[in-house]
$ cat model.txt   # compact mmCIF, C-alpha atoms
# COMPACT_ATOMS: atom_id res chain seq x y z
CA MET A 531 17.97 -4.66 21.71
CA MET A 532 14.23 -4.69 21.04
CA LYS A 533 13.69 -2.14 23.82
CA THR A 534 16.22 0.19 22.21
CA LEU A 535 14.71 -0.36 18.79
CA TRP A 536 11.24 0.35 20.11
CA ARG A 537 12.41 3.56 21.83
CA ARG A 538 14.03 4.77 18.62
CA GLU A 539 10.92 3.95 16.58
CA ILE A 540 8.31 5.63 18.76
CA ASN A 541 9.21 9.32 18.64
CA SER A 542 7.92 12.38 16.83
CA ARG A 543 10.82 12.40 14.35
CA CYS A 544 9.71 9.03 13.00
CA LEU A 545 6.26 10.36 12.18
CA GLY A 546 7.67 12.28 9.23
CA PHE A 547 9.40 11.13 6.05
CA SER A 548 12.95 12.41 6.38
CA HIS A 549 15.65 9.94 5.38
CA GLU A 550 19.42 10.12 5.04
CA GLN A 551 19.67 7.92 1.93
CA PRO A 552 16.97 8.64 -0.66
CA GLY A 553 18.85 6.37 -3.08
CA GLN A 554 17.41 3.39 -1.20
CA PHE A 555 14.02 4.21 -2.74
CA VAL A 556 15.28 3.41 -6.25
CA ARG A 557 17.20 0.23 -5.42
CA SER A 558 16.45 -3.35 -4.51
CA GLN A 559 17.43 -4.72 -1.11
CA TRP A 560 19.18 -7.59 -2.89
CA GLN A 561 21.42 -5.83 -5.41
CA ARG A 562 25.14 -5.63 -4.63
CA ASN A 563 26.04 -2.67 -6.83
CA GLU A 564 25.25 0.97 -6.24
CA GLY A 565 22.99 2.84 -8.63
CA VAL A 566 19.91 1.68 -10.50
CA SER A 567 19.80 -1.93 -11.64
CA ILE A 568 18.33 -2.61 -15.09
CA VAL A 569 16.70 -5.74 -13.68
CA TYR A 570 15.10 -3.69 -10.92
CA LEU A 571 13.95 -1.09 -13.46
CA ALA A 572 12.28 -3.83 -15.54
CA TYR A 573 10.65 -5.22 -12.40
CA ARG A 574 9.29 -1.82 -11.39
CA TRP A 575 7.70 -1.25 -14.80
CA LEU A 576 6.21 -4.74 -15.02
CA PHE A 577 4.79 -4.21 -11.54
CA ALA A 578 3.34 -0.82 -12.50
CA VAL A 579 1.84 -1.99 -15.81
CA PHE A 580 0.18 -4.95 -14.11
CA PHE A 581 -1.49 -2.83 -11.45
CA LEU A 582 -2.55 -0.20 -13.98
CA SER A 583 -4.04 -2.85 -16.27
CA VAL A 584 -6.13 -4.40 -13.49
CA TRP A 585 -7.17 -0.94 -12.26
CA ILE A 586 -8.43 0.00 -15.75
CA PHE A 587 -10.11 -3.37 -16.17
CA SER A 588 -12.02 -2.80 -12.92
CA PHE A 589 -13.50 0.36 -14.48
CA ILE A 590 -14.44 -1.52 -17.64
CA SER A 591 -16.03 -4.31 -15.60
CA ALA A 592 -18.08 -1.83 -13.57
CA ARG A 593 -19.27 -0.14 -16.76
CA ARG A 594 -20.35 -3.46 -18.23
CA GLN A 595 -22.58 -4.03 -15.21
CA ASN A 596 -24.52 -0.81 -15.80
CA SER A 597 -28.25 -1.29 -16.22
CA PRO A 598 -31.26 0.98 -16.78
CA THR A 599 -31.89 0.96 -13.02
CA GLU A 600 -28.35 1.28 -11.72
CA ASN A 601 -25.07 2.90 -12.73
CA PHE A 602 -22.39 0.62 -11.30
CA LEU A 603 -19.57 2.75 -12.69
CA SER A 604 -20.67 5.77 -10.65
CA LYS A 605 -20.40 3.64 -7.50
CA TRP A 606 -16.88 2.43 -8.24
CA PRO A 607 -15.28 5.14 -6.03
CA ILE A 608 -17.25 4.24 -2.88
CA TYR A 609 -15.59 0.88 -2.21
CA LEU A 610 -12.54 0.43 0.02
CA THR A 611 -11.22 -2.21 -2.37
CA ASN A 612 -10.99 0.41 -5.10
CA TRP A 613 -9.43 2.96 -2.76
CA GLY A 614 -6.80 0.40 -1.82
CA TYR A 615 -6.14 -0.72 -5.39
CA SER A 616 -5.79 2.91 -6.44
CA LEU A 617 -3.09 3.29 -3.79
CA CYS A 618 -1.28 0.21 -5.14
CA THR A 619 -1.48 1.53 -8.68
CA ALA A 620 -0.37 5.06 -7.79
CA GLN A 621 2.67 3.94 -5.81
CA ALA A 622 3.64 1.41 -8.50
CA LEU A 623 3.57 4.05 -11.25
CA LEU A 624 5.38 6.62 -9.13
CA GLY A 625 7.99 4.07 -8.09
CA ALA A 626 8.66 3.15 -11.72
CA GLY A 627 8.94 6.81 -12.62
CA LEU A 628 11.43 7.52 -9.83
CA VAL A 629 13.65 4.59 -10.80
CA THR A 630 13.57 5.64 -14.46
CA HIS A 631 14.41 9.26 -13.59
CA ARG A 632 17.29 8.15 -11.39
CA LEU A 633 18.70 5.86 -14.10
CA VAL A 634 18.61 8.65 -16.69
CA LYS A 635 20.33 10.99 -14.23
CA GLU A 636 23.04 8.44 -13.53
CA ARG A 637 23.66 7.65 -17.20
CA VAL A 638 23.57 11.24 -18.46
CA THR A 639 25.33 13.13 -15.66
CA GLY A 640 27.21 10.33 -13.91
CA PHE A 641 25.28 11.10 -10.73
CA THR A 642 25.79 8.37 -8.15
CA GLU A 643 25.48 10.04 -4.76
CA ASP A 644 22.27 10.28 -2.79
CA HIS A 645 20.40 13.55 -2.76
CA ALA A 646 21.50 16.05 -0.14
CA SER A 647 17.95 16.03 1.20
CA MET A 648 14.89 13.83 0.79
CA PRO A 649 12.95 15.07 -2.28
CA VAL A 650 9.24 15.64 -1.71
CA VAL A 651 8.29 13.19 -4.47
CA TYR A 652 10.22 10.46 -2.65
CA LYS A 653 8.27 11.24 0.52
CA VAL A 654 5.01 10.96 -1.40
CA TYR A 655 6.07 7.59 -2.79
CA TRP A 656 7.06 6.39 0.67
CA LEU A 657 3.66 7.35 2.10
CA LEU A 658 1.78 5.75 -0.80
CA HIS A 659 3.80 2.55 -0.56
CA THR A 660 3.24 2.29 3.20
CA LEU A 661 -0.51 2.80 2.84
CA ALA A 662 -0.75 0.47 -0.17
CA VAL A 663 0.90 -2.44 1.66
CA VAL A 664 -1.06 -2.10 4.90
CA ILE A 665 -4.44 -1.40 3.32
CA ALA A 666 -3.98 -4.28 0.84
CA PHE A 667 -3.56 -6.67 3.76
CA GLY A 668 -6.60 -5.16 5.46
CA ILE A 669 -8.73 -5.48 2.33
CA THR A 670 -7.80 -9.12 1.78
CA GLY A 671 -8.46 -10.03 5.39
CA SER A 672 -11.74 -8.15 5.75
CA TYR A 673 -13.08 -9.38 2.41
CA PHE A 674 -12.56 -13.09 3.03
CA VAL A 675 -13.33 -12.98 6.77
CA VAL A 676 -16.26 -10.53 6.87
CA ASP A 677 -17.63 -9.65 3.45
CA TYR A 678 -17.28 -12.72 1.23
CA ASP A 679 -20.46 -14.77 0.79
CA PRO A 680 -20.27 -17.70 -1.67
CA ALA A 681 -23.99 -17.32 -2.37
CA VAL A 682 -23.50 -13.72 -3.48
CA HIS A 683 -19.90 -13.30 -4.62
CA THR A 684 -18.20 -15.04 -7.52
CA LEU A 685 -14.46 -15.60 -7.29
CA SER A 686 -13.79 -14.29 -10.78
CA SER A 687 -10.30 -13.44 -11.98
CA LEU A 688 -10.90 -9.74 -11.32
CA ASN A 689 -12.27 -10.48 -7.87
CA LEU A 690 -9.19 -12.52 -6.95
CA LEU A 691 -6.81 -9.96 -8.45
CA MET A 692 -8.30 -7.12 -6.41
CA HIS A 693 -8.98 -8.98 -3.16
CA ALA A 694 -6.20 -11.57 -2.94
CA PHE A 695 -3.39 -10.96 -5.40
CA ASN A 696 -3.22 -7.32 -4.33
CA SER A 697 -1.72 -8.55 -1.04
CA VAL A 698 0.42 -11.21 -2.73
CA LEU A 699 2.00 -8.62 -5.00
CA MET A 700 2.51 -6.08 -2.23
CA VAL A 701 4.24 -8.74 -0.09
CA LEU A 702 6.49 -9.49 -3.06
CA ASP A 703 7.29 -5.80 -3.44
CA LEU A 704 7.90 -5.42 0.28
CA LEU A 705 10.51 -8.19 0.07
CA VAL A 706 12.20 -6.70 -3.02
CA VAL A 707 12.52 -2.99 -2.23
CA ASP A 708 15.34 -1.48 -0.20
CA HIS A 709 13.58 1.46 1.41
CA PRO A 710 12.50 1.54 5.06
CA PHE A 711 9.17 1.01 6.71
CA ARG A 712 8.62 2.92 9.94
CA LEU A 713 6.56 1.55 12.79
CA PHE A 714 5.34 5.01 13.83
CA HIS A 715 3.83 5.52 10.38
CA PHE A 716 0.92 3.44 11.66
CA CYS A 717 -0.61 6.87 12.39
CA TRP A 718 -1.00 7.43 8.64
CA SER A 719 -2.46 3.97 8.10
CA LEU A 720 -5.02 4.56 10.85
CA LEU A 721 -5.82 8.02 9.49
CA PHE A 722 -6.54 6.52 6.08
CA ILE A 723 -9.00 3.93 7.38
CA VAL A 724 -10.68 6.45 9.69
CA VAL A 725 -11.17 8.80 6.72
CA TYR A 726 -12.80 5.95 4.82
CA PHE A 727 -15.14 5.13 7.70
CA VAL A 728 -16.11 8.80 8.00
CA PHE A 729 -16.79 8.82 4.27
CA THR A 730 -19.12 5.82 4.61
CA VAL A 731 -21.05 7.59 7.39
CA VAL A 732 -21.44 10.78 5.36
CA TYR A 733 -22.35 8.78 2.25
CA HIS A 734 -25.00 6.79 4.13
CA PHE A 735 -26.69 9.78 5.73
CA SER A 736 -26.60 11.61 2.39
CA GLY A 737 -28.82 8.90 0.94
CA GLY A 738 -26.07 7.02 -0.89
CA THR A 739 -26.57 3.39 -1.84
CA GLY A 740 -24.37 0.44 -2.67
CA LYS A 741 -24.74 -2.25 -5.30
CA HIS A 742 -28.28 -3.20 -6.23
CA ASN A 743 -29.34 0.05 -4.53
CA MET A 744 -28.88 -1.43 -1.08
CA PRO A 745 -28.81 1.20 1.73
CA PHE A 746 -25.16 0.44 2.59
CA ILE A 747 -21.81 0.08 0.88
CA TYR A 748 -20.93 -3.12 2.71
CA PRO A 749 -23.41 -5.19 4.77
CA ALA A 750 -21.02 -5.03 7.73
CA LEU A 751 -20.96 -1.22 7.50
CA ASN A 752 -24.67 -0.57 7.65
CA TRP A 753 -24.86 2.70 9.57
CA ALA A 754 -28.63 2.30 9.94
CA LYS A 755 -27.62 -0.24 12.62
CA PRO A 756 -24.87 1.59 14.53
CA ALA A 757 -24.89 -0.84 17.48
CA ALA A 758 -23.66 -3.59 15.15
CA THR A 759 -21.59 -1.41 12.82
CA VAL A 760 -19.49 0.57 15.31
CA PRO A 761 -17.79 -2.56 16.76
CA ILE A 762 -17.01 -3.71 13.21
CA ALA A 763 -15.43 -0.33 12.43
CA ILE A 764 -13.36 -0.48 15.63
CA LEU A 765 -12.18 -4.00 14.84
CA GLY A 766 -11.36 -2.89 11.30
CA THR A 767 -9.25 -0.05 12.65
CA LEU A 768 -7.43 -2.38 15.04
CA SER A 769 -6.79 -4.84 12.20
CA VAL A 770 -5.09 -2.07 10.23
CA PHE A 771 -2.81 -1.39 13.19
CA VAL A 772 -1.97 -5.10 13.48
CA SER A 773 -1.29 -5.25 9.72
CA HIS A 774 1.07 -2.30 10.01
CA VAL A 775 3.02 -3.87 12.89
CA CYS A 776 3.26 -7.20 11.04
CA THR A 777 4.52 -5.42 7.94
CA TRP A 778 7.18 -3.67 10.02
CA LEU A 779 8.32 -7.04 11.37
CA VAL A 780 8.56 -8.42 7.84
CA VAL A 781 10.80 -5.52 6.84
CA LEU A 782 13.02 -6.14 9.87
CA ALA A 783 13.32 -9.78 8.84
CA ARG A 784 14.09 -8.80 5.24
CA ARG A 785 16.88 -6.56 6.38
CA ARG A 786 18.39 -9.19 8.69
CA ILE A 787 18.32 -11.84 5.95
CA ALA A 788 19.88 -9.45 3.45
CA GLN A 789 22.65 -8.60 5.91
CA ALA A 790 23.34 -12.30 6.45
CA ARG A 791 23.41 -13.09 2.73
CA LEU A 792 25.15 -10.02 1.35
CA GLY A 793 27.44 -9.33 4.29
CA SER A 794 29.66 -6.28 3.90
CA SER A 795 28.23 -5.47 0.47
CA ILE A 796 24.94 -4.32 1.95
CA ARG A 797 24.58 -0.55 2.27
CA PRO A 798 24.28 1.13 5.65
CA SER A 799 20.62 1.60 6.37
CA GLY A 800 20.51 5.30 7.13
CA ASP A 801 17.24 4.56 8.89
CA ILE A 802 15.98 2.72 11.92
CA THR A 803 14.15 -0.10 10.19
CA SER A 804 15.70 -0.25 6.77

$ encode --input "model.txt" --output "structure tokens"
Amino acid sequence: MMKTLWRREINSRCLGFSHEQPGQFVRSQWQRNEGVSIVYLAYRWLFAVFFLSVWIFSFISARRQNSPTENFLSKWPIYLTNWGYSLCTAQALLGAGLVTHRLVKERVTGFTEDHASMPVVYKVYWLLHTLAVVIAFGITGSYFVVDYDPAVHTLSSLNLLMHAFNSVLMVLDLLVVDHPFRLFHFCWSLLFIVVYFVFTVVYHFSGGTGKHNMPFIYPALNWAKPAATVPIAILGTLSVFVSHVCTWLVVLARRRIAQARLGSSIRPSGDITS
């Protein structure tokens, strides 16, 4: 069974974002009825407002740290944590918008069938959600294993929200949603982290600095010492791959549990891993 599943997952078709049942992207795995659930709609908006609020607060916090010798706000975009949290926020807002649009369409026109083809905006949401989950796990792991130093870092509420609760919330969302998660999409997760590493190299050799005007963004990514930094970057890339595979396994488990609990009321997947 696993051999067949693996063969079906690893093929060029699975690299894209085609899907036979786009309606799964606006439903919860655990609802019995077709169409948009009001409870799920409320959840999606609470989820989106929370992420947006923390995202805005991170800007405000960076601005408050500005000093005559350093503009912390201008350095907000250089950190992987903020890249990852931006992904979480973007997918949360887009997901809420899609569910709202679908509900209005159902209530106004009586539309209940899935789209004939996968809308582009659904594909964008799928990509953002995949990246947000995987990168959130990578950020949490790398921060507390590699970057965190009790003598330097304070575990403030904002710090915990952006480095720990980002993963907690994305795990929650992963367990709630109904849409699939493809194993072969690890290519996109790896591309994202490689793009970030390339950015750090370009930023470093362009004279960019991190907090307190240090000559690196993260101590572990000090490109002035490539012999020590390259292995860290390779391990970081591998950790993203492992995070992606683990996420895929969680989605498989979610689907199996839902099938056991909901029985015949669960919708056909229309996808390999959903």

$ atom_distance --input "model.txt" --atom1 "CA of Pro761 in chain A" --atom2 "CA of Leu661 in chain A"
22.8 Å

$ atom_distance --input "model.txt" --atom1 "CA of Val701 in chain A" --atom2 "CA of Leu765 in chain A"
22.7 Å

$ residues_around --input "model.txt" --residues "range 608-623 of chain A" --least-positions-apart "3" --cutoff "9 Å" --atoms "all atoms listed in the file" --output "ChimeraX atom specification"
/A:574-575,577-582,584-585,588,604-605,626-628,654-659,661-663,665-666,669-670,673,692-693,696,700,723,726,729-730,733,740,747-748

$ closest_residue --input "model.txt" --among "A:Ser647, A:Asp679, A:Ala788, A:Phe674" --to "Ala694 in chain A" --atoms "all atoms listed in the file"
A:Phe674

$ atom_distance --input "model.txt" --atom1 "CA of Ser558 in chain A" --atom2 "CA of Trp718 in chain A"
24.4 Å

$ residues_around --input "model.txt" --residues "Ser719 in chain A" --least-positions-apart "6" --cutoff "9 Å" --atoms "all atoms listed in the file" --output "PyMOL selection string"
chain A and resi 660-661+664-665+770-771+774

$ closest_residue --input "model.txt" --among "A:Ala681, A:Ala754, A:Val698, A:Leu576" --to "His734 in chain A" --atoms "all atoms listed in the file"
A:Ala754

$ residues_around --input "model.txt" --residues "Val682 in chain A" --least-positions-apart "6" --cutoff "12 Å" --atoms "only C-alpha atoms" --output "PyMOL selection string"
chain A and resi 741-742+749

$ write_last_selection --input "model.txt" --atoms "C-alpha atoms" --output "PDB file, in the frame of the given file"
ATOM      1  CA  LYS A 741     -24.740  -2.250  -5.300  1.00  0.00           C
ATOM      2  CA  HIS A 742     -28.280  -3.200  -6.230  1.00  0.00           C
ATOM      3  CA  PRO A 749     -23.410  -5.190   4.770  1.00  0.00           C
TER       4      PRO A 749
END

$ axis_aligned_box --input "model.txt" --around "range 603-618 of chain A" --padding-each-side "6 Å" --output "JSON"
{"center_x": -11.0, "center_y": 1.8, "center_z": -6.3, "size_x": 31.4, "size_y": 20.0, "size_z": 24.7}

$ residues_near_point --input "model.txt" --point "(5.8, 2.5, 9.8)" --cutoff "8 Å" --atoms "all atoms listed in the file" --output "mmCIF file with C-alpha atoms, in the frame of the given file"
data_model
loop_
_atom_site.group_PDB
_atom_site.id
_atom_site.type_symbol
_atom_site.label_atom_id
_atom_site.label_comp_id
_atom_site.auth_asym_id
_atom_site.auth_seq_id
_atom_site.Cartn_x
_atom_site.Cartn_y
_atom_site.Cartn_z
ATOM 1 C CA THR A 660 3.240 2.290 3.200
ATOM 2 C CA PHE A 711 9.170 1.010 6.710
ATOM 3 C CA ARG A 712 8.620 2.920 9.940
ATOM 4 C CA LEU A 713 6.560 1.550 12.790
ATOM 5 C CA PHE A 714 5.340 5.010 13.830
ATOM 6 C CA HIS A 715 3.830 5.520 10.380
ATOM 7 C CA PHE A 716 0.920 3.440 11.660
ATOM 8 C CA HIS A 774 1.070 -2.300 10.010
ATOM 9 C CA VAL A 775 3.020 -3.870 12.890
ATOM 10 C CA TRP A 778 7.180 -3.670 10.020
#

$ closest_residue --input "model.txt" --among "A:Val707, A:Val781, A:Val724, A:Leu624" --to "Val760 in chain A" --atoms "only C-alpha atoms"
A:Val724

$ closest_residue --input "model.txt" --among "A:His709, A:Lys755, A:Arg594, A:Arg632" --to "Leu782 in chain A" --atoms "only C-alpha atoms"
A:His709

$ closest_residue --input "model.txt" --among "A:Phe589, A:Leu633, A:Asn689, A:Asn596" --to "Gly565 in chain A" --atoms "all atoms listed in the file"
A:Leu633
